[in-house]
file final-v2.cif (mmCIF, C-alpha atoms and all ligand atoms)
data_structure
#
loop_
_atom_site.label_atom_id
_atom_site.label_comp_id
_atom_site.auth_asym_id
_atom_site.auth_seq_id
_atom_site.Cartn_x
_atom_site.Cartn_y
_atom_site.Cartn_z
CA MET R 30 -10.14 94.26 26.45
CA LYS R 31 -10.13 92.05 23.38
CA LYS R 32 -13.55 91.88 21.76
CA LEU R 33 -15.17 88.51 21.26
CA ARG R 34 -15.16 87.60 17.57
CA VAL R 35 -18.60 86.44 16.49
CA GLY R 36 -19.00 84.88 13.08
CA ILE R 37 -22.52 85.27 11.76
CA LEU R 38 -23.45 82.61 9.24
CA PHE R 39 -26.38 83.38 6.98
CA GLY R 40 -28.07 82.45 3.72
CA GLY R 41 -27.55 78.77 3.09
CA ARG R 42 -28.85 76.11 0.77
CA SER R 43 -32.37 75.75 2.17
CA GLY R 44 -35.64 77.14 0.90
CA GLU R 45 -35.44 79.58 3.79
CA HIS R 46 -32.33 81.31 2.39
CA ASP R 47 -34.08 84.66 2.08
CA VAL R 48 -35.63 84.44 5.54
CA SER R 49 -32.13 83.84 6.88
CA LEU R 50 -30.86 87.01 5.16
CA LEU R 51 -33.59 88.99 6.91
CA SER R 52 -32.84 87.40 10.29
CA ALA R 53 -29.11 88.02 9.89
CA ALA R 54 -29.60 91.65 8.83
CA SER R 55 -31.55 92.21 12.06
CA VAL R 56 -28.81 90.56 14.13
CA PHE R 57 -26.14 92.71 12.44
CA SER R 58 -27.91 95.92 13.18
CA ALA R 59 -28.73 95.06 16.80
CA ILE R 60 -25.60 93.26 18.03
CA ASP R 61 -23.48 95.36 20.41
CA LYS R 62 -20.44 96.36 18.34
CA ASN R 63 -18.66 97.61 21.48
CA LYS R 64 -18.65 94.10 22.83
CA TYR R 65 -18.22 92.04 19.71
CA GLU R 66 -16.23 92.07 16.56
CA VAL R 67 -18.70 90.81 14.01
CA VAL R 68 -17.58 88.66 11.09
CA PRO R 69 -20.19 88.16 8.37
CA ILE R 70 -20.06 84.82 6.58
CA GLY R 71 -22.57 84.26 3.80
CA ILE R 72 -23.47 80.92 2.26
CA THR R 73 -24.86 81.11 -1.24
CA LYS R 74 -27.84 79.05 -2.41
CA SER R 75 -25.38 76.67 -4.03
CA GLY R 76 -23.36 76.30 -0.84
CA ARG R 77 -20.38 78.57 -1.37
CA TRP R 78 -18.96 80.41 1.58
CA LEU R 79 -18.32 84.12 1.22
CA THR R 80 -16.74 86.56 3.60
CA ALA R 81 -15.94 90.22 3.95
CA ALA R 82 -17.22 92.45 1.14
CA ASP R 83 -18.73 89.48 -0.72
CA ALA R 84 -20.71 88.46 2.36
CA GLU R 85 -21.90 91.98 2.98
CA GLN R 86 -23.01 92.26 -0.61
CA MET R 87 -24.94 89.05 -0.25
CA LEU R 88 -26.70 90.33 2.85
CA GLN R 89 -27.85 93.27 0.79
CA GLY R 90 -29.38 90.82 -1.65
CA SER R 91 -26.80 90.86 -4.42
CA ALA R 92 -24.64 87.79 -4.07
CA PRO R 93 -21.56 87.74 -6.26
CA ALA R 94 -22.46 85.06 -8.76
CA ASN R 95 -19.24 83.21 -9.10
CA SER R 96 -16.73 83.84 -6.37
CA SER R 97 -14.86 80.61 -6.58
CA LEU R 98 -13.98 79.29 -3.20
CA ARG R 99 -12.47 75.86 -3.46
CA ALA R 100 -12.37 73.48 -0.56
CA GLY R 101 -9.66 70.95 0.00
CA ASP R 102 -6.78 72.43 -1.87
CA PRO R 103 -4.86 74.75 0.41
CA GLU R 104 -3.34 76.66 -2.46
CA ALA R 105 -6.71 77.29 -4.04
CA THR R 106 -8.52 77.85 -0.78
CA PRO R 107 -8.74 81.50 0.05
CA GLY R 108 -8.96 82.41 3.70
CA ALA R 109 -12.62 82.95 3.22
CA ALA R 110 -13.33 79.26 2.99
CA VAL R 111 -11.53 78.43 6.19
CA LEU R 112 -12.79 78.86 9.72
CA ALA R 113 -10.48 78.60 12.64
CA ASN R 114 -10.49 78.64 16.36
CA GLY R 115 -7.02 78.33 17.84
CA GLU R 116 -5.49 75.20 16.40
CA SER R 117 -8.57 73.85 14.72
CA VAL R 118 -9.23 74.69 11.15
CA VAL R 119 -12.22 73.65 9.13
CA VAL R 120 -12.74 73.85 5.42
CA PRO R 121 -16.40 73.94 4.45
CA PRO R 122 -17.37 71.59 1.67
CA GLU R 123 -18.32 72.85 -1.70
CA PRO R 124 -21.31 70.73 -2.66
CA ALA R 125 -21.65 72.02 -6.19
CA CYS R 126 -18.45 70.32 -7.34
CA PRO R 127 -18.51 66.53 -7.50
CA GLY R 128 -15.46 64.97 -5.95
CA THR R 129 -14.88 67.63 -3.36
CA GLY R 130 -16.10 67.36 0.15
CA LEU R 131 -15.02 68.07 3.65
CA VAL R 132 -11.34 67.56 3.11
CA PRO R 133 -9.03 67.97 6.05
CA PHE R 134 -6.91 71.05 5.60
CA GLN R 135 -3.62 69.55 4.60
CA THR R 136 -0.64 71.77 4.51
CA PRO R 137 2.84 71.28 5.89
CA ASP R 138 2.65 74.75 7.35
CA LEU R 139 -0.48 74.88 9.48
CA ARG R 140 0.51 78.26 10.83
CA ARG R 141 0.16 79.64 7.37
CA ALA R 142 -3.25 78.02 6.99
CA SER R 143 -4.53 79.62 10.13
CA ASP R 144 -3.07 82.96 9.08
CA ARG R 145 -5.41 82.84 6.17
CA ALA R 146 -8.36 81.49 8.12
CA ILE R 147 -11.05 83.58 9.71
CA ASN R 148 -10.53 83.24 13.42
CA VAL R 149 -13.72 83.28 15.41
CA ASP R 150 -14.55 82.71 19.05
CA ILE R 151 -18.09 81.68 18.34
CA ILE R 152 -20.43 81.20 15.38
CA PHE R 153 -24.03 82.29 15.32
CA PRO R 154 -25.60 80.16 12.59
CA VAL R 155 -28.54 82.32 11.61
CA LEU R 156 -29.60 79.62 9.17
CA HIS R 157 -33.04 78.12 8.88
CA GLY R 158 -34.12 74.74 7.57
CA THR R 159 -32.08 72.11 5.76
CA PHE R 160 -28.28 72.32 6.22
CA GLY R 161 -28.71 75.04 8.85
CA GLU R 162 -31.11 73.82 11.44
CA ASP R 163 -30.75 70.08 10.96
CA GLY R 164 -27.43 69.28 12.64
CA THR R 165 -25.23 69.36 9.54
CA ILE R 166 -23.61 72.75 10.08
CA GLN R 167 -23.53 71.96 13.80
CA GLY R 168 -21.50 68.83 12.99
CA LEU R 169 -19.02 70.84 10.96
CA LEU R 170 -18.54 73.25 13.87
CA GLU R 171 -18.18 70.38 16.35
CA LEU R 172 -15.39 68.91 14.22
CA ALA R 173 -13.66 72.27 14.21
CA ASP R 174 -14.21 72.63 17.96
CA ILE R 175 -15.80 76.03 17.46
CA ALA R 176 -18.44 77.24 19.91
CA TYR R 177 -21.80 78.06 18.34
CA VAL R 178 -25.20 79.39 19.22
CA GLY R 179 -28.17 77.06 19.49
CA ALA R 180 -28.88 73.37 19.57
CA GLY R 181 -26.18 70.77 18.97
CA VAL R 182 -26.11 68.03 16.36
CA LEU R 183 -28.63 65.76 18.04
CA GLY R 184 -31.11 68.43 19.14
CA SER R 185 -31.02 70.06 15.72
CA ALA R 186 -31.50 66.81 13.82
CA ALA R 187 -34.22 65.54 16.15
CA GLY R 188 -36.05 68.87 16.05
CA MET R 189 -35.95 68.89 12.27
CA ASP R 190 -37.47 65.46 11.76
CA LYS R 191 -41.18 65.58 12.58
CA ASP R 192 -41.37 61.79 12.93
CA ILE R 193 -38.44 61.46 15.35
CA MET R 194 -39.55 64.58 17.19
CA LYS R 195 -42.97 63.04 17.80
CA SER R 196 -41.38 59.81 19.08
CA LEU R 197 -39.32 61.80 21.57
CA PHE R 198 -42.32 63.88 22.64
CA ARG R 199 -44.38 60.77 23.14
CA ALA R 200 -41.61 59.05 25.10
CA ALA R 201 -41.55 62.08 27.39
CA GLY R 202 -45.31 61.75 27.93
CA LEU R 203 -46.12 64.97 26.06
CA PRO R 204 -49.44 65.43 24.21
CA ILE R 205 -49.24 65.05 20.42
CA VAL R 206 -51.95 64.43 17.86
CA LYS R 207 -52.53 60.95 16.42
CA HIS R 208 -50.33 60.33 13.43
CA VAL R 209 -49.04 57.76 10.97
CA THR R 210 -45.64 57.85 9.29
CA ILE R 211 -45.20 56.18 5.92
CA LEU R 212 -42.15 55.74 3.74
CA ARG R 213 -42.15 57.01 0.18
CA GLY R 214 -40.99 53.60 -1.07
CA ASP R 215 -43.94 51.84 0.61
CA TRP R 216 -46.34 54.43 -0.78
CA GLU R 217 -44.98 53.89 -4.26
CA ARG R 218 -45.13 50.09 -4.00
CA GLU R 219 -48.41 49.67 -2.13
CA PRO R 220 -50.47 52.85 -2.15
CA LYS R 221 -53.65 51.03 -1.20
CA LYS R 222 -52.09 49.61 1.94
CA ALA R 223 -50.78 53.05 2.86
CA TRP R 224 -54.13 54.76 2.69
CA GLN R 225 -55.79 51.88 4.49
CA THR R 226 -53.31 52.36 7.34
CA VAL R 227 -54.09 56.07 7.38
CA GLU R 228 -57.85 55.57 7.37
CA ALA R 229 -57.71 52.86 10.02
CA LYS R 230 -56.09 55.25 12.44
CA LEU R 231 -57.21 58.74 11.47
CA LYS R 232 -60.35 60.63 10.52
CA TYR R 233 -60.43 63.37 7.88
CA PRO R 234 -59.32 66.09 7.66
CA VAL R 235 -55.67 65.08 7.97
CA PHE R 236 -52.48 67.06 7.49
CA VAL R 237 -49.84 65.51 5.27
CA LYS R 238 -46.23 66.67 5.67
CA PRO R 239 -42.74 65.76 4.57
CA ALA R 240 -40.91 64.78 7.79
CA ASN R 241 -37.97 67.10 7.23
CA LEU R 242 -38.69 70.57 5.94
CA GLY R 243 -40.16 73.83 7.11
CA SER R 244 -42.04 76.93 6.06
CA SER R 245 -45.07 74.69 5.38
CA VAL R 246 -43.48 73.56 2.11
CA GLY R 247 -45.01 70.30 0.87
CA ILE R 248 -47.76 70.40 3.52
CA SER R 249 -51.41 70.01 2.63
CA LYS R 250 -54.69 69.45 4.32
CA ALA R 251 -56.61 66.49 2.92
CA HIS R 252 -60.33 66.88 3.58
CA ASP R 253 -61.30 63.47 2.23
CA ARG R 254 -59.99 60.36 0.50
CA SER R 255 -59.86 62.05 -2.92
CA GLU R 256 -57.37 64.59 -1.56
CA LEU R 257 -55.18 62.10 0.28
CA ALA R 258 -53.17 60.66 -2.64
CA PRO R 259 -52.32 64.05 -4.18
CA ALA R 260 -51.29 65.29 -0.72
CA ILE R 261 -49.01 62.30 -0.17
CA ASN R 262 -47.53 62.68 -3.66
CA GLU R 263 -46.79 66.32 -2.94
CA ALA R 264 -45.10 65.59 0.41
CA ALA R 265 -43.17 62.70 -1.15
CA LYS R 266 -41.40 65.16 -3.45
CA PHE R 267 -39.56 66.53 -0.45
CA ASP R 268 -38.74 63.59 1.78
CA ARG R 269 -38.66 59.82 1.98
CA LYS R 270 -40.70 59.97 5.18
CA ILE R 271 -44.22 61.35 5.21
CA VAL R 272 -46.09 62.24 8.37
CA ILE R 273 -49.89 62.17 8.25
CA GLU R 274 -51.74 63.49 11.24
CA HIS R 275 -55.13 64.24 12.68
CA GLY R 276 -56.27 67.75 11.78
CA VAL R 277 -56.89 69.69 14.98
CA GLY R 278 -60.15 71.64 14.77
CA GLY R 279 -61.80 69.02 12.55
CA LYS R 280 -63.91 69.83 9.53
CA LYS R 281 -65.45 73.08 10.66
CA GLN R 282 -62.98 74.94 12.84
CA LYS R 283 -59.36 75.99 12.69
CA ALA R 284 -56.80 74.97 15.29
CA ARG R 285 -55.59 77.80 17.49
CA GLU R 286 -51.84 78.22 17.03
CA ILE R 287 -49.93 79.04 20.19
CA GLU R 288 -46.16 79.58 20.26
CA CYS R 289 -43.73 79.86 23.15
CA SER R 290 -40.05 80.85 23.16
CA VAL R 291 -37.55 78.89 25.22
CA LEU R 292 -34.10 80.14 26.21
CA GLY R 293 -31.33 78.41 28.14
CA ASN R 294 -29.20 75.29 28.26
CA ASP R 295 -29.70 72.78 31.04
CA ARG R 296 -32.20 74.96 32.89
CA PRO R 297 -34.24 76.55 30.15
CA GLU R 298 -36.94 79.17 30.69
CA ALA R 299 -40.12 79.90 28.78
CA SER R 300 -41.47 83.25 27.58
CA VAL R 301 -45.05 84.44 27.62
CA PRO R 302 -46.95 82.53 24.91
CA GLY R 303 -48.05 84.20 21.69
CA GLU R 304 -50.70 83.30 19.17
CA ILE R 305 -50.88 83.29 15.41
CA VAL R 306 -54.17 83.80 13.67
CA PRO R 307 -53.56 82.73 10.05
CA GLY R 308 -55.42 84.66 7.41
CA LYS R 309 -56.07 81.38 5.59
CA GLU R 310 -57.46 77.92 6.31
CA PHE R 311 -54.07 77.06 7.82
CA TYR R 312 -50.67 78.68 8.22
CA ASP R 313 -49.29 77.66 4.82
CA TYR R 314 -46.35 79.13 2.92
CA THR R 315 -48.26 82.07 1.48
CA ALA R 316 -49.83 82.91 4.84
CA LYS R 317 -46.34 82.88 6.40
CA TYR R 318 -44.47 85.00 3.91
CA LEU R 319 -46.72 86.63 1.36
CA ASP R 320 -50.16 87.18 2.76
CA THR R 321 -50.50 89.97 5.26
CA GLY R 322 -53.81 88.71 6.58
CA SER R 323 -52.21 86.77 9.43
CA GLU R 324 -52.14 88.27 12.90
CA LEU R 325 -49.72 87.93 15.80
CA LEU R 326 -51.20 88.23 19.26
CA ILE R 327 -48.82 88.78 22.16
CA PRO R 328 -49.61 87.56 24.70
CA ALA R 329 -51.88 84.78 23.47
CA LYS R 330 -55.42 84.92 24.75
CA LEU R 331 -55.08 82.19 27.35
CA GLY R 332 -56.08 81.81 30.97
CA LYS R 333 -53.43 81.68 33.69
CA ALA R 334 -53.54 77.91 33.99
CA GLU R 335 -53.38 77.46 30.19
CA THR R 336 -50.38 79.80 30.04
CA ARG R 337 -48.61 77.78 32.68
CA THR R 338 -49.38 74.55 30.82
CA VAL R 339 -47.94 75.96 27.60
CA GLN R 340 -44.78 77.09 29.37
CA ARG R 341 -44.33 73.79 31.17
CA LEU R 342 -44.86 71.80 27.95
CA ALA R 343 -42.52 74.10 25.99
CA ILE R 344 -39.70 73.49 28.46
CA ALA R 345 -40.42 69.75 28.51
CA ALA R 346 -40.36 69.67 24.68
CA PHE R 347 -37.03 71.53 24.65
CA LYS R 348 -35.56 68.95 27.01
CA ALA R 349 -37.13 66.00 25.19
CA VAL R 350 -35.20 66.73 22.00
CA ASP R 351 -32.05 67.70 23.92
CA CYS R 352 -32.05 71.29 22.76
CA SER R 353 -29.81 74.10 23.88
CA GLY R 354 -29.68 77.85 23.49
CA LEU R 355 -33.00 78.64 21.92
CA ALA R 356 -36.11 77.11 20.42
CA ARG R 357 -39.62 78.15 19.57
CA VAL R 358 -42.16 75.54 20.56
CA ASP R 359 -45.42 75.55 18.59
CA PHE R 360 -48.74 74.19 19.76
CA LEU R 361 -52.09 73.42 18.22
CA MET R 362 -55.07 73.98 20.47
CA ASP R 363 -58.41 72.37 19.83
CA PRO R 364 -60.81 75.32 19.81
CA ARG R 365 -63.64 73.29 21.35
CA SER R 366 -62.05 70.98 23.90
CA LYS R 367 -59.24 73.51 24.58
CA LYS R 368 -56.84 70.60 24.59
CA MET R 369 -53.28 71.62 23.83
CA TYR R 370 -51.10 69.52 21.51
CA LEU R 371 -47.42 69.98 20.81
CA ASN R 372 -47.00 70.57 17.10
CA GLU R 373 -43.28 71.12 16.64
CA ILE R 374 -40.07 72.62 17.90
CA ASN R 375 -37.99 74.99 15.78
CA THR R 376 -34.37 75.11 16.87
CA MET R 377 -33.49 78.17 14.77
CA PRO R 378 -36.76 80.07 14.55
CA GLY R 379 -37.23 83.22 12.48
CA PHE R 380 -35.01 85.79 14.13
CA THR R 381 -35.75 89.20 12.68
CA ASN R 382 -36.52 91.83 15.29
CA ILE R 383 -40.20 91.47 14.44
CA SER R 384 -40.27 87.64 14.45
CA MET R 385 -42.28 85.77 17.04
CA TYR R 386 -39.26 84.34 18.92
CA PRO R 387 -37.63 87.67 19.88
CA LYS R 388 -40.96 89.44 20.25
CA LEU R 389 -42.08 86.94 22.87
CA TRP R 390 -38.88 87.64 24.82
CA GLN R 391 -39.39 91.37 24.44
CA ALA R 392 -42.83 90.92 25.98
CA SER R 393 -41.15 88.91 28.75
CA GLY R 394 -38.59 91.64 29.50
CA ILE R 395 -35.55 90.71 27.36
CA SER R 396 -34.71 93.15 24.56
CA TYR R 397 -33.54 91.95 21.15
CA SER R 398 -29.89 92.91 21.71
CA ALA R 399 -29.87 91.47 25.25
CA LEU R 400 -31.23 88.27 23.72
CA ILE R 401 -28.29 88.12 21.31
CA ASP R 402 -25.88 88.59 24.26
CA ARG R 403 -27.58 85.82 26.17
CA LEU R 404 -27.48 83.42 23.21
CA ILE R 405 -23.76 84.02 22.76
CA GLU R 406 -23.17 83.39 26.47
CA LEU R 407 -25.18 80.19 26.29
CA GLY R 408 -23.21 79.00 23.24
CA LEU R 409 -19.92 79.59 25.04
CA GLU R 410 -21.26 77.92 28.17
CA ARG R 411 -22.30 74.81 26.27
CA HIS R 412 -18.94 74.61 24.53
CA ALA R 413 -17.14 74.91 27.88
CA GLU R 414 -19.42 72.25 29.35
CA LYS R 415 -18.54 69.90 26.51
CA LYS R 416 -14.85 70.57 27.04
CA LYS R 417 -15.19 68.83 30.40
CA ASN R 418 -15.79 65.54 28.59
CA GLN R 419 -13.01 63.11 28.31
CA TYR R 420 -13.00 61.11 25.09
CA GLN R 421 -10.55 58.42 26.06
CA ARG R 422 -9.96 56.34 29.09
N1 LIG I 501 -52.37 68.50 12.87
C1 LIG I 501 -52.70 69.72 12.46
N2 LIG I 501 -53.92 70.25 12.69
C2 LIG I 501 -54.25 71.50 12.30
N3 LIG I 501 -53.42 72.31 11.62
C3 LIG I 501 -52.17 71.85 11.35
C4 LIG I 501 -51.75 70.55 11.75
N4 LIG I 501 -50.49 70.37 11.35
C5 LIG I 501 -50.13 71.50 10.71
N5 LIG I 501 -51.14 72.39 10.69
C6 LIG I 501 -51.09 73.72 10.04
O1 LIG I 501 -50.00 73.73 9.09
C7 LIG I 501 -49.00 74.66 9.48
C8 LIG I 501 -47.62 74.14 9.18
O2 LIG I 501 -47.39 72.90 9.83
P1 LIG I 501 -46.07 72.62 10.67
O3 LIG I 501 -46.13 71.22 11.16
O4 LIG I 501 -45.92 73.68 11.70
O5 LIG I 501 -44.94 72.70 9.57
P2 LIG I 501 -43.67 73.69 9.37
O6 LIG I 501 -42.52 73.00 10.00
O7 LIG I 501 -43.52 73.78 7.89
O8 LIG I 501 -44.00 74.99 10.04
C9 LIG I 501 -49.28 74.90 10.97
O9 LIG I 501 -48.78 76.17 11.38
C10 LIG I 501 -50.79 74.83 11.01
O10 LIG I 501 -51.39 76.00 10.47
MG MG I 502 -44.66 75.35 11.93
#

call {"tool": "encode", "arguments": {"input": "final-v2.cif", "output": "structure tokens", "more": "lines below"}}
Ligand SMILES: Nc1ncnc2c1ncn2[C@@H]1O[C@H](COP(=O)(O)OP(=O)(O)O)[C@@H](O)[C@H]1O
Ligand SMILES: [Mg+2]
result
Amino acid sequence: MKKLRVGILFGGRSGEHDVSLLSAASVFSAIDKNKYEVVPIGITKSGRWLTAADAEQMLQGSAPANSSLRAGDPEATPGAAVLANGESVVVPPEPACPGTGLVPFQTPDLRRASDRAINVDIIFPVLHGTFGEDGTIQGLLELADIAYVGAGVLGSAAGMDKDIMKSLFRAAGLPIVKHVTILRGDWEREPKKAWQTVEAKLKYPVFVKPANLGSSVGISKAHDRSELAPAINEAAKFDRKIVIEHGVGGKKQKAREIECSVLGNDRPEASVPGEIVPGKEFYDYTAKYLDTGSELLIPAKLGKAETRTVQRLAIAAFKAVDCSGLARVDFLMDPRSKKMYLNEINTMPGFTNISMYPKLWQASGISYSALIDRLIELGLERHAEKKKNQYQR
């Protein structure tokens, strides 16, 4: 039997490039090589696509500095820059060079183009953050009609944008903390009005975040008015939209951080919940990646009814942003009132074998390699489902 060819995309242009390398290395070592032919595809920090030996080198942490893959020009485009599935061929853009972009692969002899392309049956984009988890790579794969693991364009984009995500959660009747969203331009023009809006609606401490990012980058906790402007300035470096929200736990206590893994397409299921106990005042960048003081508790210390609530809300959140495949849904629990708020959904959560997402499934009876199988199945299923659509009358 012909093995399914799975392209694993890793690296990428986001701040989570290195996390992606770790996730992808775990996937490579656990994926069932009897079932799948695995094709590594690395994306450098500057956006170049590498395959074969170059990609493997990159996974080991030594990316070839200047392998020049050029998009757009078929003569200059080595097979490595081309992805194909049957008739469809896609040339990834090369953002570092002005004037290039996603150029349709133009050659009189398409057969030759696909000879040189990497043929894949499905792509597993093990990419976190911007350009990986935000719908952009998903759009590229949609254009090429290539099946892929995880959320589609809409689910990815909606799950990435904390402001839009909150609107969708609220529309679905899900509990979120009070928040205000301000635009960088308005902040720059009328800072006084912006902080008045914040103070009219929220009490300190507040959390200030760029709407689109991850890994806690650009996020700060403002304990009082004097800390608000610097916090907004910091977040405004990263996005034109800034989300400011009520700090769960208030002045004296920390929020409890509960996470739940969701798996499936139209009928998703939820894992046992887990809990993170940050070693710092909140789960900031250093607590996530550098500090070892943070603890993972699996399962989370919750009562039966609380567990069921978390699972129900996690599935509802997944549906609210139109997710598919996988997502990790994160909650903030008020330590006193025990009220549970949805914090965010991550459509491509950390995926090393010791990351929360797979560990929660392990605790729920699905091993890491079985999880990879299931995600590939779900990606193929969603692609087949989409194929049923008719695009013209
Ligand atoms: N409203 C809030 N109340 C209390 N803590 C928060 C709040 N928002 C964020 N945090 C803390 O900041 C961390 C990062 O925020 P989050 O919205 O999850 O951003 P990211 O997408 O970067 O993970 C959370 O894990 C939590 O520790
Ligand atoms: Mg988070």

call {"tool": "closest_atom_pairs", "arguments": {"input": "final-v2.cif", "of": "chain R", "to": "ligand LIG 501 (chain I)", "cutoff": "8 Å", "atoms": "only C-alpha atoms and all ligand atoms", "output": "CSV"}}
result
residue,atom,partner,partner_atom,distance
R:Lys191,CA,I:LIG501,O3,7.6
R:Val206,CA,I:LIG501,N1,6.5
R:Val235,CA,I:LIG501,N1,6.8
R:Phe236,CA,I:LIG501,N4,5.5
R:Val237,CA,I:LIG501,N4,7.8
R:Lys238,CA,I:LIG501,O3,7.1
R:Asn241,CA,I:LIG501,O6,7.9
R:Leu242,CA,I:LIG501,O6,6.1
R:Gly243,CA,I:LIG501,O7,3.4
R:Ser244,CA,I:LIG501,O7,3.9
R:Ser245,CA,I:LIG501,O7,3.1
R:Val246,CA,I:LIG501,O7,5.8
R:Gly247,CA,I:LIG501,O7,8.0
R:Ile248,CA,I:LIG501,C8,6.8
R:Ser249,CA,I:LIG501,O1,7.6
R:Lys250,CA,I:LIG501,C3,7.8
R:Glu274,CA,I:LIG501,N1,5.3
R:His275,CA,I:LIG501,N1,5.1
R:Gly276,CA,I:LIG501,N2,3.5
R:Val277,CA,I:LIG501,N2,3.8
R:Gly278,CA,I:LIG501,C2,6.4
R:Gly279,CA,I:LIG501,C2,8.0
R:Lys283,CA,I:LIG501,C2,6.8
R:Ala284,CA,I:LIG501,C2,5.2
R:Glu286,CA,I:LIG501,O9,6.7
R:Pro307,CA,I:LIG501,O10,7.1
R:Glu310,CA,I:LIG501,O10,7.6
R:Phe311,CA,I:LIG501,O10,3.9
R:Tyr312,CA,I:LIG501,O10,3.6
R:Asp313,CA,I:LIG501,C7,5.5
R:Tyr314,CA,I:LIG501,O7,7.8
R:Asp359,CA,I:LIG501,O4,7.2
R:Leu361,CA,I:LIG501,C2,6.6
R:Asn372,CA,I:LIG501,O3,6.0
R:Glu373,CA,I:LIG501,O4,6.2
R:Asn375,CA,I:LIG501,O6,7.6

call {"tool": "residues_around", "arguments": {"input": "final-v2.cif", "residues": "Asp215 of chain R", "least_positions_apart": "4", "cutoff": "12 Å", "atoms": "only C-alpha atoms", "output": "VMD selection string"}}
result
chain R and resid 210 to 211 219 to 224 226 261 265 269 to 271

call {"tool": "axis_aligned_box", "arguments": {"input": "final-v2.cif", "around": "segment 255-269 of chain R", "padding_each_side": "6 Å", "output": "AutoDock Vina command-line options"}}
result
--center_x -49.3 --center_y 63.2 --center_z -1.1 --size_x 33.2 --size_y 18.7 --size_z 18.2

call {"tool": "atom_distance", "arguments": {"input": "final-v2.cif", "atom1": "atom CA of Tyr177 of chain R", "atom2": "atom CA of Ile151 of chain R"}}
result
5.2 Å

call {"tool": "residues_around", "arguments": {"input": "final-v2.cif", "residues": "segment 31-46 of chain R", "least_positions_apart": "2", "cutoff": "10 Å", "atoms": "only C-alpha atoms", "output": "MDAnalysis selection string"}}
result
chainID R and resid 48:54 56:57 60 62:80 84 87:88 112 124 147:162 166 176:178 242:244 246 379 405

call {"tool": "closest_residue", "arguments": {"input": "final-v2.cif", "among": "R:Pro378, R:Gly90, R:Pro234, R:Gly179", "to": "Asp253 of chain R", "atoms": "only C-alpha atoms"}}
result
R:Pro234

call {"tool": "closest_residue", "arguments": {"input": "final-v2.cif", "among": "R:Tyr233, R:Leu409, R:Lys317, R:Val209", "to": "ligand MG 502 (chain I)", "atoms": "only C-alpha atoms and all ligand atoms"}}
result
R:Lys317

call {"tool": "closest_residue", "arguments": {"input": "final-v2.cif", "among": "R:Ala251, R:Leu331, R:Ala316, R:Leu183", "to": "ligand MG 502 (chain I)", "atoms": "all atoms listed in the file"}}
result
R:Ala316

call {"tool": "atom_distance", "arguments": {"input": "final-v2.cif", "atom1": "atom CA of Ile305 of chain R", "atom2": "atom CA of Ala329 of chain R"}}
result
8.3 Å

call {"tool": "residues_near_point", "arguments": {"input": "final-v2.cif", "point": "(-42.6, 57.7, -2.9)", "cutoff": "8 Å", "atoms": "only C-alpha atoms", "output": "PDB file with C-alpha atoms, keeping the file's coordinate frame"}}
result
ATOM      1  CA  LEU R 212     -42.150  55.740   3.740  1.00  0.00           C
ATOM      2  CA  ARG R 213     -42.150  57.010   0.180  1.00  0.00           C
ATOM      3  CA  GLY R 214     -40.990  53.600  -1.070  1.00  0.00           C
ATOM      4  CA  ASP R 215     -43.940  51.840   0.610  1.00  0.00           C
ATOM      5  CA  TRP R 216     -46.340  54.430  -0.780  1.00  0.00           C
ATOM      6  CA  GLU R 217     -44.980  53.890  -4.260  1.00  0.00           C
ATOM      7  CA  ASN R 262     -47.530  62.680  -3.660  1.00  0.00           C
ATOM      8  CA  ALA R 265     -43.170  62.700  -1.150  1.00  0.00           C
ATOM      9  CA  LYS R 266     -41.400  65.160  -3.450  1.00  0.00           C
ATOM     10  CA  ARG R 269     -38.660  59.820   1.980  1.00  0.00           C
TER      11      ARG R 269
END

call {"tool": "closest_residue", "arguments": {"input": "final-v2.cif", "among": "R:Glu288, R:Glu335, R:Glu256, R:Asp268", "to": "ligand MG 502 (chain I)", "atoms": "all atoms listed in the file"}}
result
R:Glu288

call {"tool": "closest_residue", "arguments": {"input": "final-v2.cif", "among": "R:Leu197, R:Leu231, R:Ala59, R:Leu326", "to": "Asp351 of chain R", "atoms": "all atoms listed in the file"}}
result
R:Leu197

call {"tool": "closest_residue", "arguments": {"input": "final-v2.cif", "among": "R:Ala345, R:Leu407, R:Ile401, R:Val227", "to": "Ser58 of chain R", "atoms": "all atoms listed in the file"}}
result
R:Ile401

call {"tool": "residues_around", "arguments": {"input": "final-v2.cif", "residues": "Val339 of chain R", "least_positions_apart": "4", "cutoff": "9 Å", "atoms": "only C-alpha atoms", "output": "number ranges by chain"}}
result
R: 287-289, 299, 301-302, 334-335, 343-344, 360, 369

call {"tool": "residues_around", "arguments": {"input": "final-v2.cif", "residues": "Ser396 of chain R", "least_positions_apart": "6", "cutoff": "12 Å", "atoms": "only C-alpha atoms", "output": "VMD selection string"}}
result
chain R and resid 59 to 60 382 to 383 386 to 390 402 to 403

call {"tool": "atom_distance", "arguments": {"input": "final-v2.cif", "atom1": "atom CA of Lys309 of chain R", "atom2": "atom CA of Arg199 of chain R"}}
result
29.5 Å
